[in-house]
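Engineer: To start, I am sharing the structure in question, which I have written as structure tokens.
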Amino acid sequence: MAAANKKRILYVQRRAPYGTLYAQEALEMLSMGAAFGQRVGIAFLDDGVFQLKAEQTPGALGMKNSGRMVRALELHDLEGIYVEQESLVERNLEPGQLVLAGKVLPRVELSQLMAEQDLVLSF
């Protein structure tokens, strides 16, 4: 499929990694989109930044470790992995505490990036 025919899809992770299946399902959908040759990217904002936090232990909840799932994003040919700067600051997180080195963007730049997409899927 020619690059001009591919849709630009941004998956937005807004929820904490545990308590619901939204985070896990979004990562699975992103994997499928990438496998089918779409131009996909992912952004983490609000409580979604907690999905990137290192040293998670969700075993007692009976859920998969989202940190491991997020690290697998590096295996895909993604347009980009973005993290909202204000969300990190509001949650006392620093880029060095994350399992994945995404591009940290201020809220205004992330909003502009979203506006440039063909489709934005928020979870």
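Lettering and numbering for the structure tokens are positional, with chains as A, B, ... in the shown order, residues counted from 1 in each chain, and ligands counted from 1 in the shown order.
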Would you mind writing down, as an mmCIF file with N, CA and C atoms, in the first residue's frame, each residue of region 7-98 of chain A that DSSP on the backbone assigns to helix (DSSP H, G or I)?
Structural biologist:
```cif
data_model
loop_
_atom_site.group_PDB
_atom_site.id
_atom_site.type_symbol
_atom_site.label_atom_id
_atom_site.label_comp_id
_atom_site.auth_asym_id
_atom_site.auth_seq_id
_atom_site.Cartn_x
_atom_site.Cartn_y
_atom_site.Cartn_z
ATOM 1 N N TYR A 22 -9.028 -1.404 29.028
ATOM 2 C CA TYR A 22 -8.834 -0.411 27.962
ATOM 3 C C TYR A 22 -7.387 -0.324 27.495
ATOM 4 N N ALA A 23 -6.466 -0.222 28.424
ATOM 5 C CA ALA A 23 -5.050 -0.059 28.067
ATOM 6 C C ALA A 23 -4.554 -1.255 27.261
ATOM 7 N N GLN A 24 -4.855 -2.435 27.750
ATOM 8 C CA GLN A 24 -4.420 -3.659 27.073
ATOM 9 C C GLN A 24 -5.045 -3.776 25.683
ATOM 10 N N GLU A 25 -6.333 -3.511 25.584
ATOM 11 C CA GLU A 25 -7.017 -3.627 24.295
ATOM 12 C C GLU A 25 -6.502 -2.599 23.292
ATOM 13 N N ALA A 26 -6.192 -1.407 23.758
ATOM 14 C CA ALA A 26 -5.651 -0.386 22.855
ATOM 15 C C ALA A 26 -4.314 -0.825 22.289
ATOM 16 N N LEU A 27 -3.460 -1.400 23.125
ATOM 17 C CA LEU A 27 -2.157 -1.865 22.649
ATOM 18 C C LEU A 27 -2.316 -3.002 21.635
ATOM 19 N N GLU A 28 -3.296 -3.866 21.863
ATOM 20 C CA GLU A 28 -3.548 -4.949 20.912
ATOM 21 C C GLU A 28 -4.073 -4.401 19.587
ATOM 22 N N MET A 29 -4.949 -3.402 19.640
ATOM 23 C CA MET A 29 -5.463 -2.783 18.407
ATOM 24 C C MET A 29 -4.347 -2.085 17.645
ATOM 25 N N LEU A 30 -3.477 -1.404 18.369
ATOM 26 C CA LEU A 30 -2.349 -0.726 17.741
ATOM 27 C C LEU A 30 -1.466 -1.748 17.017
ATOM 28 N N SER A 31 -1.222 -2.872 17.652
ATOM 29 C CA SER A 31 -0.409 -3.922 17.030
ATOM 30 C C SER A 31 -1.033 -4.402 15.726
ATOM 31 N N MET A 32 -2.345 -4.551 15.715
ATOM 32 C CA MET A 32 -3.027 -4.981 14.490
ATOM 33 C C MET A 32 -2.931 -3.917 13.405
ATOM 34 N N GLY A 33 -3.124 -2.669 13.773
ATOM 35 C CA GLY A 33 -3.018 -1.585 12.794
ATOM 36 C C GLY A 33 -1.643 -1.525 12.174
ATOM 37 N N ALA A 34 -0.622 -1.670 13.003
ATOM 38 C CA ALA A 34 0.753 -1.651 12.499
ATOM 39 C C ALA A 34 1.007 -2.859 11.591
ATOM 40 N N ALA A 35 0.471 -4.012 11.970
ATOM 41 C CA ALA A 35 0.660 -5.233 11.172
ATOM 42 C C ALA A 35 0.010 -5.101 9.799
ATOM 43 N N ASP A 46 -2.618 12.078 30.598
ATOM 44 C CA ASP A 46 -3.428 11.906 31.801
ATOM 45 C C ASP A 46 -2.896 10.694 32.579
ATOM 46 N N ASP A 47 -3.776 9.858 33.140
ATOM 47 C CA ASP A 47 -3.311 8.695 33.898
ATOM 48 C C ASP A 47 -2.686 7.624 33.008
ATOM 49 N N GLY A 48 -2.806 7.776 31.702
ATOM 50 C CA GLY A 48 -2.174 6.840 30.774
ATOM 51 C C GLY A 48 -0.660 6.798 30.900
ATOM 52 N N VAL A 49 -0.052 7.874 31.429
ATOM 53 C CA VAL A 49 1.405 7.866 31.601
ATOM 54 C C VAL A 49 1.843 6.806 32.604
ATOM 55 N N PHE A 50 0.948 6.390 33.482
ATOM 56 C CA PHE A 50 1.302 5.336 34.440
ATOM 57 C C PHE A 50 1.563 3.998 33.734
ATOM 58 N N GLN A 51 1.056 3.828 32.532
ATOM 59 C CA GLN A 51 1.335 2.605 31.766
ATOM 60 C C GLN A 51 2.816 2.477 31.450
ATOM 61 N N LEU A 52 3.521 3.590 31.443
ATOM 62 C CA LEU A 52 4.935 3.612 31.104
ATOM 63 C C LEU A 52 5.847 3.456 32.314
ATOM 64 N N GLY A 59 0.509 -8.514 39.554
ATOM 65 C CA GLY A 59 0.148 -9.927 39.709
ATOM 66 C C GLY A 59 -1.059 -10.159 40.584
ATOM 67 N N ALA A 60 -1.165 -9.445 41.680
ATOM 68 C CA ALA A 60 -2.294 -9.630 42.598
ATOM 69 C C ALA A 60 -3.620 -9.267 41.946
ATOM 70 N N LEU A 61 -3.575 -8.429 40.925
ATOM 71 C CA LEU A 61 -4.794 -8.022 40.233
ATOM 72 C C LEU A 61 -5.190 -9.009 39.143
ATOM 73 N N SER A 66 1.638 -4.061 32.263
ATOM 74 C CA SER A 66 1.548 -3.156 31.115
ATOM 75 C C SER A 66 2.920 -2.666 30.679
ATOM 76 N N GLY A 67 3.872 -2.604 31.603
ATOM 77 C CA GLY A 67 5.222 -2.194 31.240
ATOM 78 C C GLY A 67 5.833 -3.118 30.207
ATOM 79 N N ARG A 68 5.614 -4.396 30.361
ATOM 80 C CA ARG A 68 6.113 -5.370 29.383
ATOM 81 C C ARG A 68 5.424 -5.188 28.039
ATOM 82 N N MET A 69 4.132 -4.964 28.080
ATOM 83 C CA MET A 69 3.384 -4.775 26.833
ATOM 84 C C MET A 69 3.832 -3.500 26.126
ATOM 85 N N VAL A 70 4.081 -2.460 26.882
ATOM 86 C CA VAL A 70 4.500 -1.184 26.311
ATOM 87 C C VAL A 70 5.883 -1.314 25.675
ATOM 88 N N ARG A 71 6.786 -2.029 26.344
ATOM 89 C CA ARG A 71 8.129 -2.227 25.771
ATOM 90 C C ARG A 71 8.062 -2.914 24.415
ATOM 91 N N ALA A 72 7.055 -3.750 24.216
ATOM 92 C CA ALA A 72 6.896 -4.442 22.936
ATOM 93 C C ALA A 72 6.571 -3.476 21.799
ATOM 94 N N LEU A 73 6.158 -2.253 22.119
ATOM 95 C CA LEU A 73 5.874 -1.259 21.078
ATOM 96 C C LEU A 73 7.113 -0.982 20.225
ATOM 97 N N GLU A 74 8.283 -1.147 20.815
ATOM 98 C CA GLU A 74 9.531 -0.904 20.080
ATOM 99 C C GLU A 74 9.700 -1.872 18.916
ATOM 100 N N LEU A 75 8.981 -2.977 18.951
ATOM 101 C CA LEU A 75 9.075 -3.975 17.894
ATOM 102 C C LEU A 75 8.265 -3.591 16.657
ATOM 103 N N GLN A 85 4.046 16.071 28.461
ATOM 104 C CA GLN A 85 4.914 16.614 29.508
ATOM 105 C C GLN A 85 4.132 16.985 30.774
ATOM 106 N N GLU A 86 3.025 17.677 30.617
ATOM 107 C CA GLU A 86 2.252 18.116 31.777
ATOM 108 C C GLU A 86 1.709 16.930 32.575
ATOM 109 N N SER A 87 1.335 15.859 31.894
ATOM 110 C CA SER A 87 0.833 14.680 32.595
ATOM 111 C C SER A 87 1.916 14.052 33.462
ATOM 112 N N LEU A 88 3.146 14.038 32.961
ATOM 113 C CA LEU A 88 4.262 13.526 33.770
ATOM 114 C C LEU A 88 4.459 14.386 35.011
ATOM 115 N N VAL A 89 4.501 15.698 34.813
ATOM 116 C CA VAL A 89 4.738 16.627 35.924
ATOM 117 C C VAL A 89 3.625 16.520 36.966
ATOM 118 N N GLU A 90 2.373 16.478 36.521
ATOM 119 C CA GLU A 90 1.230 16.408 37.432
ATOM 120 C C GLU A 90 1.226 15.133 38.262
ATOM 121 N N PRO A 95 10.964 11.326 32.886
ATOM 122 C CA PRO A 95 11.257 10.410 31.772
ATOM 123 C C PRO A 95 12.156 9.238 32.158
ATOM 124 N N GLY A 96 13.066 9.416 33.105
ATOM 125 C CA GLY A 96 13.958 8.343 33.538
ATOM 126 C C GLY A 96 13.252 7.215 34.273
ATOM 127 N N GLN A 97 12.009 7.437 34.702
ATOM 128 C CA GLN A 97 11.237 6.407 35.410
ATOM 129 C C GLN A 97 10.385 5.563 34.463
#
```
Engineer: Near Asn5 (chain A), counting only C-alpha atoms, which residues have an atom at most 12 Å away, once you skip same-chain residues fewer than 6 positions from it, shown as a list of chain:residue names?
Structural biologist: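 Within the cut-off, the hits are A:Gly37, A:Gln38, A:Arg39, A:Asp118.
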Engineer: Give the strand (DSSP E) residues of region 25-115 of chain A, as assigned by DSSP on the backbone, as a PyMOL selection string.
Structural biologist: chain A and resi 39-44+80-84+103-105
Engineer: Using only C-alpha atoms, which of the listed residues (A:Leu45, A:Gln112, A:Lys103, A:Leu93) sits closest to Val12 (chain A)?
Structural biologist: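 Ranking A:Leu45, A:Gln112, A:Lys103, A:Leu93 by distance to Val12 (chain A), first place goes to A:Leu45.
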Engineer: Can you measure CA of Leu113 (chain A) to CA of Lys6 (chain A) for me? One decimal in Å is fine.
Structural biologist: 16.8 Å
